[in-house]
Protein chains: 6
Amino acid sequence: MNLNALLDAAFEEDLGPGDLATESTIDPFAVGRAELLAKQDMIVCGHEVAEKVLSKSANLYGGAVKYEILVPDGTRVKSGTILAKVSGSMRGILVGERISLNLLMRMCGIATWTATYVDGLGDNITLRVADTRKTTPLWRSLEKYAVTCGGGRNHRMGLYDACMLKDNHITAVGSLPKAVAKAREKNHHLVRIQVECSDLEQVAEAVTTDVDAVLLDNMDNETMAKAIATIRETRPRMVIEASGNITPERIPSLAKLGLDVVSAGGLIHQARWVDLSLKVRR
Amino acid sequence: MNLNALLDAAFEEDLGPGDLATESTIDPFAVGRAELLAKQDMIVCGHEVAEKVLSKSANLYGGAVKYEILVPDGTRVKSGTILAKVSGSMRGILVGERISLNLLMRMCGIATWTATYVDGLGDNITLRVADTRKTTPLWRSLEKYAVTCGGGRNHRMGLYDACMLKDNHITAVGSLPKAVAKAREKNHHLVRIQVECSDLEQVAEAVTTDVDAVLLDNMDNETMAKAIATIRETRPRMVIEASGNITPERIPSLAKLGLDVVSAGGLIHQARWVDLSLKVRR
Amino acid sequence: MNLNALLDAAFEEDLGPGDLATESTIDPFAVGRAELLAKQDMIVCGHEVAEKVLSKSANLYGGAVKYEILVPDGTRVKSGTILAKVSGSMRGILVGERISLNLLMRMCGIATWTATYVDGLGDNITLRVADTRKTTPLWRSLEKYAVTCGGGRNHRMGLYDACMLKDNHITAVGSLPKAVAKAREKNHHLVRIQVECSDLEQVAEAVTTDVDAVLLDNMDNETMAKAIATIRETRPRMVIEASGNITPERIPSLAKLGLDVVSAGGLIHQARWVDLSLKVRR
Amino acid sequence: MNLNALLDAAFEEDLGPGDLATESTIDPFAVGRAELLAKQDMIVCGHEVAEKVLSKSANLYGGAVKYEILVPDGTRVKSGTILAKVSGSMRGILVGERISLNLLMRMCGIATWTATYVDGLGDNITLRVADTRKTTPLWRSLEKYAVTCGGGRNHRMGLYDACMLKDNHITAVGSLPKAVAKAREKNHHLVRIQVECSDLEQVAEAVTTDVDAVLLDNMDNETMAKAIATIRETRPRMVIEASGNITPERIPSLAKLGLDVVSAGGLIHQARWVDLSLKVRR
Amino acid sequence: MNLNALLDAAFEEDLGPGDLATESTIDPFAVGRAELLAKQDMIVCGHEVAEKVLSKSANLYGGAVKYEILVPDGTRVKSGTILAKVSGSMRGILVGERISLNLLMRMCGIATWTATYVDGLGDNITLRVADTRKTTPLWRSLEKYAVTCGGGRNHRMGLYDACMLKDNHITAVGSLPKAVAKAREKNHHLVRIQVECSDLEQVAEAVTTDVDAVLLDNMDNETMAKAIATIRETRPRMVIEASGNITPERIPSLAKLGLDVVSAGGLIHQARWVDLSLKVRR
Amino acid sequence: MNLNALLDAAFEEDLGPGDLATESTIDPFAVGRAELLAKQDMIVCGHEVAEKVLSKSANLYGGAVKYEILVPDGTRVKSGTILAKVSGSMRGILVGERISLNLLMRMCGIATWTATYVDGLGDNITLRVADTRKTTPLWRSLEKYAVTCGGGRNHRMGLYDACMLKDNHITAVGSLPKAVAKAREKNHHLVRIQVECSDLEQVAEAVTTDVDAVLLDNMDNETMAKAIATIRETRPRMVIEASGNITPERIPSLAKLGLDVVSAGGLIHQARWVDLSLKVRR
């Protein structure tokens with residue numbers, strides 16, 4: 001379902017058959033203006049989708065809105081900053097207000113929270129801090145975009161664009177090498193295969209297989225250092241990723257280990273909404 | 001869009017054209033079992049949707065799953081509790097794992113967080129602690145259900161099932177009494193009208209109109225007490241609701257004021273996901 | 001399903017894979033003009049949807065139409081009046097002719113028929129003559145709009161925007177007060193509740209409950225007068241509605257009783273189509 | 001759009017996000033029974049769609065209904081007859097009541113009204129009394145089915161399954177023979193072509209063309225008799241249809257003229273709903 | 001499903017959640033140009049759909065393309081001819097390249113192959129060489145259009161726009177005359193009925209029925225000549241069609257028999273794709 | 001769009017609003033049986049989809065079919081072999097006949113034709129003969145499945161599951177190494193990147209980049225041998241694929257070069273339908 005359809009569904013959910021307050025009090029052709037205001041410090045994210053929401057809303061009433069961006073996505077701002085000015089169909093603005101804020105508040109929240117992890121990288125410019133598939137169903141694209149506004153990187157988009165063999169797959173198949181062999185045989189020749197390893201034994205198994213990448217899951221830093229050494233010895237081009245219990249505080253120490261990627265679901269699922277308002281001006 | 005369609009779209013997002021890992025390693029007709037495990041203290045919420053997700057997933061592969069609930073929704077559990085047992089199509093379990101957890105982790109998170117507000121009510125059994133329209137687009141029903149699992153109450157579902165005149169409407173129309181009069185004239189005779197008041201002056205205006213309910217917005221407790229007294233004097237059946245800056249800590253003092261409803265978006269948007277896993281057992 | 005989708009489905013039904021007559025005889029880019037003619041006395045209703053139909057039709061053939069309204073919706077006209085002029089894509093006009101007339105003839109019919117009820121109100125300007133949920137499935141919005149063109153008022157839109165407890169609910173629950181109490185407890189605090197009363201006993205029960213409105217069902221005028229007196233005594237703000245066996249002839253006597261609303265399904269379901277034509281002019 | 005999708009949309013329209021009355025007062029798993037009662041004399045029509053509506057409704061609440069037909073479609077019944085018994089999910093019955101009745105009342109109305117035309121045929125068993133494309137958009141199949149329950153016959157389903165050249169096509173092309181020639185050349189070899197003739201001159205033109213059927217439009221009986229004689233002389237297999245100003249009273253005289261088909265939009269668009277109720281029984 | 005929806009689905013199939021190559025290497029707003037080149041001799045067909053594909057593709061990236069036709073549909077060209085020039089959004093061109101070529105290569109293939117049949121007609125200008133319902137599901141319209149570009153004619157579009165009684169129907173009903181009688185009674189009066197005859201006995205039966213057209217199936221030329229003579233004797237207006245084992249080589253002899261139509265599935269299903277490329281120019 | 005929706009659309013295309021022949025002649029509840037017969041030598045492919053088509057068809061008429069497979073997919077059979085027996089709803093069989101055959105004839109055709117390539121591999125068991133993205137839009141899955149029934153292998157499914165940089169990308173970016181570098185930087189860490197090389201110069205460039213696979217496009221065997229030697233020297237794990245002008249005749253010589261994959265669009269787009277019939281038996 002593309003963004004357009006998702007937003008239609010969002011209006012179906014919130015507006016349904018009509019806005020009893022707005023449609024009864026505001027003239028169909030009334031116009032006005034409003035300001036999008038940051039009510040706390042944050043990193044800005046979501047202008048494009050907010051603009052789409054408000055345009056769609058205005059369009060429902062045969063009108064239009066102009067959305068003027070004052071501070072672009074990815075910028076760090078102080079509480080009290082006006083982020084955008086909106087003008088046009090008053091019905092459109094009032095009806096689209098809640099949906100646009102519900103998306104903006106969440107996206108700014110994720111961008112702001114992601115930055116607390118990325119800040120820990122210091123001068124390590126090659127290590128990627130990436131999100132995971134732990135996202136709110138249907139909003140993965142927007143949430144992953146918010147991660148990039150906070151300086152993070154994206155992992156695979158879904159189950160279809162990479163072959164990651166996790167503990168559950170290995171348990172179900174019976175052994176790590178067997179799982180890798182099956183995956184290599186059945187997939188087409190342009191698929192990268194990654195395998196999750198929870199201890200050094202599995203790392204040792206992994207390097208003997210035709211695998212392209214390894215995920216070190218829930219290891220402490222010391223174990224990880226050993227795993228990385230083992231891998232680099234025989235498979236210098238292998239992609240090495242770490243995940244599990246990744247907090248902002250832990251990033252500086254991870255940045256020194258020689259990893260390619262650190263991934264954390266918390267970039268998205270531990271982020272809280274920040275406070276924004278869209279106030280009509282006289 | 002009903003729940004069924006939302007879940008279809010969630011699979012379209014995450015599974016897309018196919019799970020490269022599961023489909024290449026797991027036999028189409030393999031069966032197995034897994035356990036849903038609470039990895040921290042929480043209030044349980046979301047079994048019904050998790051079961052739907054896993055059934056849908058299994059169905060995609062021509063199989064079925066049995067989802068056995070061990071601890072029902074609304075129960076407070078300790079970390080380490082097994083909440084449900086799942087058995088059946090192994091492909092179904094592995095492919096549905098992430099989507100079901102992404103919903104469960106969020107819903108348990110909201111239920112758990114809502115309870116921190118509701119606990120503050122003490123022995124006040126008539127005051128409702130309610131959510132708002134600040135919800136994740138498309139998931140409002142599930143999030144509002146999670147609020148009830150945590151002991152909270154639901155506010156209106158959208159813009160269509162009640163007429164709430166907010167500050168932006170009043171600004172756009174020009175005055176509070178004029179907004180109420182227009183709303184009453186244009187709406188059918190079974191619509192309740194509520195008006196947002198930000199100070200005592202507006203409360204005084206509101207009680208002179210044909211309004212059914214008042215929202216006291218962002219007032220301190222002392223101002224609220226005065227507002228309530230003013231209203232009850234002339235309009236004893238009026239519904240009185242308070243909102244704005246509602247935290248768990250503030251609930252006990254609000255519970256003493258004689259309000260009908262306290263509403264807070266934070267029940268939902270300040271809740272973080274809790275940790276759950278779905279592990280395959282040999 | 002919004003109007004746009006309904007009209008698409010109407011073309012799917014009538015046009016299907018193509019118009020064998022028009023597509024074989026009319027050049028794709030031919031243009032022409034036609035007139036919408038009232039072939040009997042009527043109240044006009046439906047220009048907006050007719051224009052949408054013809055635009056959609058023209059658009060299917062890569063063309064456009066101009067729809068010029070000569071007599072606006074809500075006007076009473078004599079047989080022989082030209083209501084609109086249409087010009088543009090000849091294929092568009094011929095293919096959209098039937099669907100636009102099928103909607104216009106029905107809508108003008110409802111508006112015209114509704115006026116025979118409303119005319120009976122005389123100088124009572126506060127009593128609302130309203131429709132009901134007895135509408136043609138999928139066309140409720142347009143039929144309710146036609147009612148307003150004839151001077152009528154709309155009742156609730158569906159089951160979701162008011163809580164009306166009917167005889168079947170009371171039978172199923174066991175008693176009127178129990179039904180009201182359940183409805184009040186389970187619904188959010190901005191829902192109005194109405195209860196249907198078929199005799200004075202039920203009216204007496206209703207006024208003791210926390211109900212906002214009463215529906216006097218199938219009562220004669222004398223009984224209704226007593227019911228109204230009973231209600232106004234203790235619940236002056238209660239909304240009082242009458243329904244059942246409402247004919248145009250009965251409206252004048254009902255207008256004297258002190259009711260707030262009279263509702264009748266017949267506004268819509270006893271209306272017959274009026275006669276209109278859309279003739280191509282050379 | 002198939003019937004299933006139309007009914008889904010009908011529930012979307014009437015039920016929307018939920019039935020505030022039924023869902024708050026009736027237990028999810030409560031069961032009960034109800035009777036479908038004819039409240040005036042009528043021809044029965046619509047059991048199949050009513051059953052689908054109630055099943056769909058019950059299904060929305062995880063239940064089922066049993067719909068027992070007591071008097072089948074096409075039967076003439078007296079007021080007071082019980083037509084069907086329904087039992088099962090009480091929520092399903094209450095929520096589906098209005099949509100099922102809205103369809104049944106209309107369909108029984110059309111069947112009953114159509115019979116007043118067909119009764120005029122007397123012992124003429126070959127003349128078809130047929131409907132037209134003047135039907136309520138989206139409900140053509142059901143309305144045409146109701147016509148057959150009243151003893152009428154169906155005309156073409158839409159613009160795609162026959163080539164009927166009407167006055168507007170002839171006007172646009174410039175002449176009747178030219179229109180027929182174009183239609184014959186452009187259509188595939190299994191298309192029947194009919195041409196509308198409004199006077200004897202056009203009839204004389206029509207018989208010289210490669211046309212399969214003629215529509216005598218708005219002629220009086222005398223003119224029609226002449227037209228039929230002209231046609232039968234040279235084109236004995238030609239299909240002859242009459243339309244325009246067809247009332248039940250006129251059918252007996254038309255039945256003597258030697259026509260193949262008489263068609264009238266009024267079978268459907270002049271039919272009023274008949275009265276039915278679905279009452280819950282204790 | 002209209003062409004627009006089919007193309008959307010084609011992008012969903014090929015592009016899915018995104019083009020990893022194009023989106024990572026080409027700037028969103030980059031523009032460029034490309035040429036559509038015939039890499040073998042062919043008849044051109046498909047410009048309109050190719051333009052739609054490329055426009056849709058460009059539109060996905062917020063851009064547009066200009067598609068300039070150099071050689072119109074239906075033209076015979078030599079290998080090496082440039083058929084069209086495309087300019088605009090580079091992402092749009094690269095992402096739409098494959099889908100547009102997949103349609104063009106197939107359509108040009110059908111047009112080119114159909115011409116080998118039509119060429120055999122010589123100076124017989126009334127015999128139609130027609131396609132059948134043996135088409136690739138969902139692409140029937142485009143394939144039938146390609147047939148006309150090669151000089152062929154179209155047969156019925158589907159099961160709904162003509163009544164063709166085939167051997168399986170006759171077997172199931174029990175006899176040819178019984179099948180025709182049933183079809184005539186049940187269908188509306190503007191349906192043409194055709195019956196398939198596999199030998200002269202069936203032809204003799206067919207001419208005694210109220211049938212409009214006959215299909216001579218799998219007969220040799222000599223038998224066909226006899227069948228045609230039998231039919232023309234009593235039913236001069238009957239449409240006569242031949243099908244079964246129709247090859248380009250056989251057309252000249254069939255053109256001499258006095259048939260109205262020769263139909264062959266092979267026009268479409270024996271056609272191979274021709275070679276085309278869409279190359280970006282610097 | 002999943003297979004179910006594609007088949008629904010196929011019925012919408014072919015059946016549309018109804019089968020005039022079958023519905024008028026065959027009783028709704030009639031049952032019967034039919035046989036699927038190979039009318040030439042072929043490899044069988046498509047039972048599963050044929051069964052779905054016939055089930056869907058029967059289901060449209062409230063019936064069911066039993067589809068008994070006599071010869072499974074992937075088997076080489078002689079002309080005259082009965083491949084399956086179908087029994088059940090006669091309407092279902094007759095209405096679904098054409099769609100099921102249109103899919104089966106194409107799929108068997110592709111499987112049969114693919115085998116002429118695969119046969120050329122001799123005892124080389126590691127070289128994959130793969131399809132490409134040159135498939136009929138919307139039917140890629142079924143066509144790729146048919147390739148596997150003929151012994152071929154599948155390439156990537158679309159633009160989303162691998163990053164293949166083709167000549168047009170390189171032209172647009174300006175140089176091969178620059179294109180690879182951009183693709184590596186922008187894509188997530190589990191994407192494999194392949195680059196198309198049209199001469200040895202490009203091969204030399206490719207091995208210096210961080211690319212995972214190379215496509216040798218339109219090279220003769222001698223040039224290919226040099227390219228393979230160059231690559232294997234420095235990048236032993238690189239995947240090497242050849243494409244362009246691949247015919248069945250050329251496979252044996254290619255099988256000796258040390259390639260990993262040979263891909264050819266012709267497996268699918270040069271395949272012609274084979275002849276099958278579904279005949280009703282008395």
# chains A, B, ... in the order shown; residues from 1 in each chain; ligands from 1
$ select_by_dssp --residues "range 163-193 of chain F" --states "alpha helix (DSSP H)" --output "ChimeraX atom specification"
/F:167-173,176-186
$ interface_residues --of "chain D" --to "chain E" --cutoff "12 Å" --atoms "only C-alpha atoms" --output "PyMOL selection string"
chain D and resi 1+126-132+144+148+152-164+185-195+210-215+235+237-241+260-263
$ write_last_selection --atoms "N, CA and C atoms" --output "compact mmCIF listing (two decimals), in the first residue's frame"
# COMPACT_ATOMS: atom_id res chain seq x y z
N MET D 1 -18.61 -4.38 -9.75
CA MET D 1 -18.59 -4.70 -8.32
C MET D 1 -19.64 -5.76 -8.04
N THR D 126 -46.60 -14.64 -25.75
CA THR D 126 -45.31 -14.41 -26.40
C THR D 126 -44.79 -12.98 -26.22
N LEU D 127 -45.68 -12.05 -25.98
CA LEU D 127 -45.22 -10.66 -25.79
C LEU D 127 -44.47 -10.53 -24.47
N ARG D 128 -43.26 -9.96 -24.55
CA ARG D 128 -42.45 -9.76 -23.35
C ARG D 128 -42.68 -8.35 -22.80
N VAL D 129 -42.99 -8.22 -21.52
CA VAL D 129 -43.00 -6.91 -20.85
C VAL D 129 -41.64 -6.78 -20.17
N ALA D 130 -40.85 -5.84 -20.66
CA ALA D 130 -39.46 -5.79 -20.21
C ALA D 130 -39.12 -4.47 -19.52
N ASP D 131 -38.08 -4.53 -18.69
CA ASP D 131 -37.56 -3.33 -18.03
C ASP D 131 -36.64 -2.58 -18.99
N THR D 132 -35.96 -1.55 -18.51
CA THR D 132 -35.02 -0.78 -19.32
C THR D 132 -33.74 -0.57 -18.51
N LYS D 144 -33.61 -5.86 -11.64
CA LYS D 144 -34.04 -6.67 -12.80
C LYS D 144 -34.53 -8.05 -12.33
N THR D 148 -38.45 -9.89 -12.76
CA THR D 148 -38.82 -11.26 -13.14
C THR D 148 -39.71 -11.91 -12.09
N GLY D 152 -42.21 -10.01 -15.16
CA GLY D 152 -41.65 -9.26 -16.29
C GLY D 152 -40.41 -9.96 -16.86
N ARG D 153 -39.89 -9.39 -17.95
CA ARG D 153 -38.69 -9.93 -18.60
C ARG D 153 -37.60 -8.87 -18.58
N ASN D 154 -36.36 -9.31 -18.72
CA ASN D 154 -35.26 -8.35 -18.73
C ASN D 154 -34.86 -7.96 -20.14
N HIS D 155 -34.50 -6.68 -20.26
CA HIS D 155 -33.90 -6.16 -21.48
C HIS D 155 -32.38 -6.35 -21.35
N ARG D 156 -31.59 -5.77 -22.26
CA ARG D 156 -30.13 -5.86 -22.15
C ARG D 156 -29.66 -5.37 -20.78
N MET D 157 -28.49 -5.86 -20.34
CA MET D 157 -27.97 -5.51 -19.02
C MET D 157 -27.29 -4.14 -19.01
N GLY D 158 -26.71 -3.75 -20.13
CA GLY D 158 -25.99 -2.48 -20.14
C GLY D 158 -25.65 -2.07 -21.56
N LEU D 159 -24.67 -1.20 -21.68
CA LEU D 159 -24.29 -0.66 -22.99
C LEU D 159 -23.42 -1.63 -23.78
N TYR D 160 -22.98 -2.69 -23.12
CA TYR D 160 -21.95 -3.56 -23.69
C TYR D 160 -22.50 -4.82 -24.35
N ASP D 161 -23.76 -5.16 -24.12
CA ASP D 161 -24.22 -6.46 -24.59
C ASP D 161 -25.29 -6.37 -25.69
N ALA D 162 -25.39 -5.22 -26.32
CA ALA D 162 -26.25 -5.06 -27.50
C ALA D 162 -25.95 -3.67 -28.03
N CYS D 163 -26.26 -3.46 -29.29
CA CYS D 163 -26.00 -2.15 -29.91
C CYS D 163 -27.34 -1.50 -30.21
N MET D 164 -27.76 -0.60 -29.32
CA MET D 164 -29.01 0.09 -29.57
C MET D 164 -28.73 1.54 -29.98
N GLU D 185 -20.25 -2.11 -39.39
CA GLU D 185 -18.86 -2.24 -39.79
C GLU D 185 -17.93 -2.36 -38.59
N LYS D 186 -18.19 -1.56 -37.58
CA LYS D 186 -17.24 -1.50 -36.46
C LYS D 186 -17.41 -2.63 -35.44
N ASN D 187 -18.62 -3.17 -35.33
CA ASN D 187 -18.84 -4.19 -34.31
C ASN D 187 -18.45 -5.57 -34.82
N HIS D 188 -18.18 -6.47 -33.88
CA HIS D 188 -17.85 -7.83 -34.29
C HIS D 188 -19.12 -8.49 -34.84
N HIS D 189 -18.96 -9.67 -35.43
CA HIS D 189 -20.03 -10.27 -36.22
C HIS D 189 -21.12 -10.94 -35.39
N LEU D 190 -21.01 -10.91 -34.07
CA LEU D 190 -22.06 -11.52 -33.25
C LEU D 190 -22.84 -10.47 -32.44
N VAL D 191 -22.86 -9.23 -32.92
CA VAL D 191 -23.59 -8.17 -32.25
C VAL D 191 -24.93 -7.94 -32.96
N ARG D 192 -26.03 -7.91 -32.19
CA ARG D 192 -27.33 -7.53 -32.74
C ARG D 192 -27.46 -6.01 -32.66
N ILE D 193 -27.99 -5.43 -33.71
CA ILE D 193 -28.16 -3.97 -33.75
C ILE D 193 -29.64 -3.64 -33.78
N GLN D 194 -30.03 -2.72 -32.90
CA GLN D 194 -31.40 -2.24 -32.86
C GLN D 194 -31.39 -0.73 -33.12
N VAL D 195 -32.43 -0.23 -33.77
CA VAL D 195 -32.47 1.21 -34.01
C VAL D 195 -33.81 1.75 -33.53
N ASP D 210 -29.23 -3.03 -42.62
CA ASP D 210 -28.86 -4.34 -42.07
C ASP D 210 -29.04 -4.33 -40.55
N VAL D 211 -30.26 -4.06 -40.10
CA VAL D 211 -30.53 -3.95 -38.68
C VAL D 211 -31.31 -5.19 -38.25
N ASP D 212 -31.16 -5.59 -36.97
CA ASP D 212 -31.82 -6.81 -36.50
C ASP D 212 -33.11 -6.54 -35.74
N ALA D 213 -33.25 -5.31 -35.21
CA ALA D 213 -34.40 -5.03 -34.35
C ALA D 213 -34.73 -3.55 -34.42
N VAL D 214 -36.00 -3.26 -34.15
CA VAL D 214 -36.47 -1.87 -34.21
C VAL D 214 -37.15 -1.52 -32.89
N LEU D 215 -36.94 -0.30 -32.41
CA LEU D 215 -37.65 0.19 -31.23
C LEU D 215 -38.61 1.30 -31.67
N ARG D 235 -39.30 -7.85 -43.67
CA ARG D 235 -38.29 -8.39 -42.73
C ARG D 235 -38.98 -9.21 -41.65
N ARG D 237 -38.26 -11.69 -39.77
CA ARG D 237 -37.57 -12.11 -38.54
C ARG D 237 -37.16 -10.92 -37.67
N MET D 238 -37.45 -9.73 -38.09
CA MET D 238 -37.06 -8.53 -37.31
C MET D 238 -37.73 -8.56 -35.92
N VAL D 239 -36.95 -8.17 -34.89
CA VAL D 239 -37.51 -8.04 -33.54
C VAL D 239 -38.12 -6.65 -33.39
N ILE D 240 -39.40 -6.58 -32.97
CA ILE D 240 -40.08 -5.28 -32.85
C ILE D 240 -40.44 -5.00 -31.38
N GLU D 241 -39.95 -3.87 -30.89
CA GLU D 241 -40.14 -3.48 -29.49
C GLU D 241 -40.81 -2.10 -29.44
N ASP D 260 -43.14 -7.84 -30.34
CA ASP D 260 -42.36 -8.86 -29.65
C ASP D 260 -42.09 -8.46 -28.20
N VAL D 261 -41.89 -7.17 -27.99
CA VAL D 261 -41.48 -6.69 -26.66
C VAL D 261 -42.11 -5.32 -26.39
N VAL D 262 -42.58 -5.13 -25.17
CA VAL D 262 -42.95 -3.81 -24.69
C VAL D 262 -42.04 -3.51 -23.51
N SER D 263 -41.35 -2.37 -23.54
CA SER D 263 -40.44 -2.08 -22.43
C SER D 263 -40.83 -0.78 -21.73
$ residues_around --residues "range 115-124 of chain B" --least-positions-apart "5" --cutoff "7 Å" --atoms "only C-alpha atoms" --output "PyMOL selection string"
chain B and resi 129+150-152+248+251-252+255
$ write_last_selection --atoms "N, CA, C and O atoms" --output "CSV table (one decimal), in the first residue's frame"
chain,number,residue,atom,x,y,z
B,129,VAL,N,-10.4,8.1,33.1
B,129,VAL,CA,-9.2,8.5,32.6
B,129,VAL,C,-9.2,8.0,31.1
B,129,VAL,O,-9.2,6.8,30.8
B,150,GLY,N,-5.4,-1.5,30.2
B,150,GLY,CA,-4.7,-0.9,31.3
B,150,GLY,C,-5.6,-0.2,32.3
B,150,GLY,O,-5.1,0.5,33.2
B,151,GLY,N,-6.9,-0.3,32.0
B,151,GLY,CA,-7.9,0.3,33.0
B,151,GLY,C,-8.4,1.7,32.6
B,151,GLY,O,-9.2,2.3,33.3
B,152,GLY,N,-7.9,2.2,31.4
B,152,GLY,CA,-8.4,3.5,30.9
B,152,GLY,C,-9.7,3.4,30.2
B,152,GLY,O,-10.2,2.3,30.0
B,248,PRO,N,0.9,10.9,35.1
B,248,PRO,CA,0.5,10.0,36.1
B,248,PRO,C,0.6,10.6,37.5
B,248,PRO,O,-0.3,10.4,38.3
B,251,ILE,N,-2.6,12.7,38.6
B,251,ILE,CA,-4.0,12.1,38.7
B,251,ILE,C,-4.6,12.2,40.1
B,251,ILE,O,-5.8,12.6,40.2
B,252,PRO,N,-3.8,11.9,41.1
B,252,PRO,CA,-4.5,11.9,42.5
B,252,PRO,C,-5.1,13.2,42.8
B,252,PRO,O,-6.2,13.3,43.3
B,255,ALA,N,-8.3,13.8,40.8
B,255,ALA,CA,-9.4,12.9,41.2
B,255,ALA,C,-10.3,13.5,42.3
B,255,ALA,O,-11.4,13.0,42.6
$ residues_around --residues "range 77-93 of chain F" --least-positions-apart "4" --cutoff "6 Å" --atoms "only C-alpha atoms" --output "list in words"
Ala30, Val31, Gly32, Arg33, Ala34, Glu35, Leu36, Leu37, Ala38, Lys39, Gln40, Asp41, Met42, Ser57, Ala58, Gly63, Ala64, Val65, Lys66, Tyr67, Glu68, Ile69, Leu70, Val71 and Glu97 of chain F
$ write_last_selection --atoms "C-alpha atoms" --output "PDB file, in the first residue's frame"
ATOM      1  CA  ALA F  30     -26.087 -29.682 -13.318  1.00  0.00           C
ATOM      2  CA  VAL F  31     -22.915 -31.715 -12.819  1.00  0.00           C
ATOM      3  CA  GLY F  32     -20.652 -33.447 -15.314  1.00  0.00           C
ATOM      4  CA  ARG F  33     -17.105 -34.424 -16.104  1.00  0.00           C
ATOM      5  CA  ALA F  34     -14.399 -33.511 -18.575  1.00  0.00           C
ATOM      6  CA  GLU F  35     -10.861 -34.515 -19.515  1.00  0.00           C
ATOM      7  CA  LEU F  36      -7.757 -32.420 -20.029  1.00  0.00           C
ATOM      8  CA  LEU F  37      -6.042 -33.825 -23.115  1.00  0.00           C
ATOM      9  CA  ALA F  38      -2.548 -33.165 -24.500  1.00  0.00           C
ATOM     10  CA  LYS F  39      -2.892 -32.704 -28.258  1.00  0.00           C
ATOM     11  CA  GLN F  40       0.875 -32.704 -28.901  1.00  0.00           C
ATOM     12  CA  ASP F  41       4.079 -33.843 -27.131  1.00  0.00           C
ATOM     13  CA  MET F  42       4.925 -31.553 -24.237  1.00  0.00           C
ATOM     14  CA  SER F  57     -15.500 -20.734 -11.668  1.00  0.00           C
ATOM     15  CA  ALA F  58     -17.617 -23.404  -9.968  1.00  0.00           C
ATOM     16  CA  GLY F  63     -20.876 -25.354  -6.908  1.00  0.00           C
ATOM     17  CA  ALA F  64     -17.540 -27.129  -6.711  1.00  0.00           C
ATOM     18  CA  VAL F  65     -15.223 -29.170  -8.928  1.00  0.00           C
ATOM     19  CA  LYS F  66     -12.895 -32.051  -8.268  1.00  0.00           C
ATOM     20  CA  TYR F  67      -9.642 -31.839 -10.227  1.00  0.00           C
ATOM     21  CA  GLU F  68      -7.782 -35.137 -10.374  1.00  0.00           C
ATOM     22  CA  ILE F  69      -4.180 -34.915 -11.587  1.00  0.00           C
ATOM     23  CA  LEU F  70      -3.172 -37.924 -13.685  1.00  0.00           C
ATOM     24  CA  VAL F  71       0.257 -36.654 -14.786  1.00  0.00           C
ATOM     25  CA  GLU F  97     -12.562 -23.853 -19.527  1.00  0.00           C
TER      26      GLU F  97
END
$ select_by_dssp --residues "range 37-279 of chain C" --states "strand (DSSP E or B)" --output "VMD selection string"
chain C and resid 37 to 38 42 to 43 65 to 69 76 to 77 82 to 89 128 to 130 153 163 to 165 191 193 to 197 213 to 217 239 to 243 261 to 263 276 to 279
$ atom_distance --atom1 "CA of Met105 in chain A" --atom2 "CA of Met219 in chain B"
22.9 Å
$ atom_distance --atom1 "CA of Arg133 in chain B" --atom2 "CA of Asp14 in chain A"
8.0 Å
$ residues_around --residues "Asp167 in chain B" --least-positions-apart "6" --cutoff "9 Å" --atoms "only C-alpha atoms" --output "PyMOL selection string"
(chain A and resi 279-280) or (chain B and resi 176+195-198)
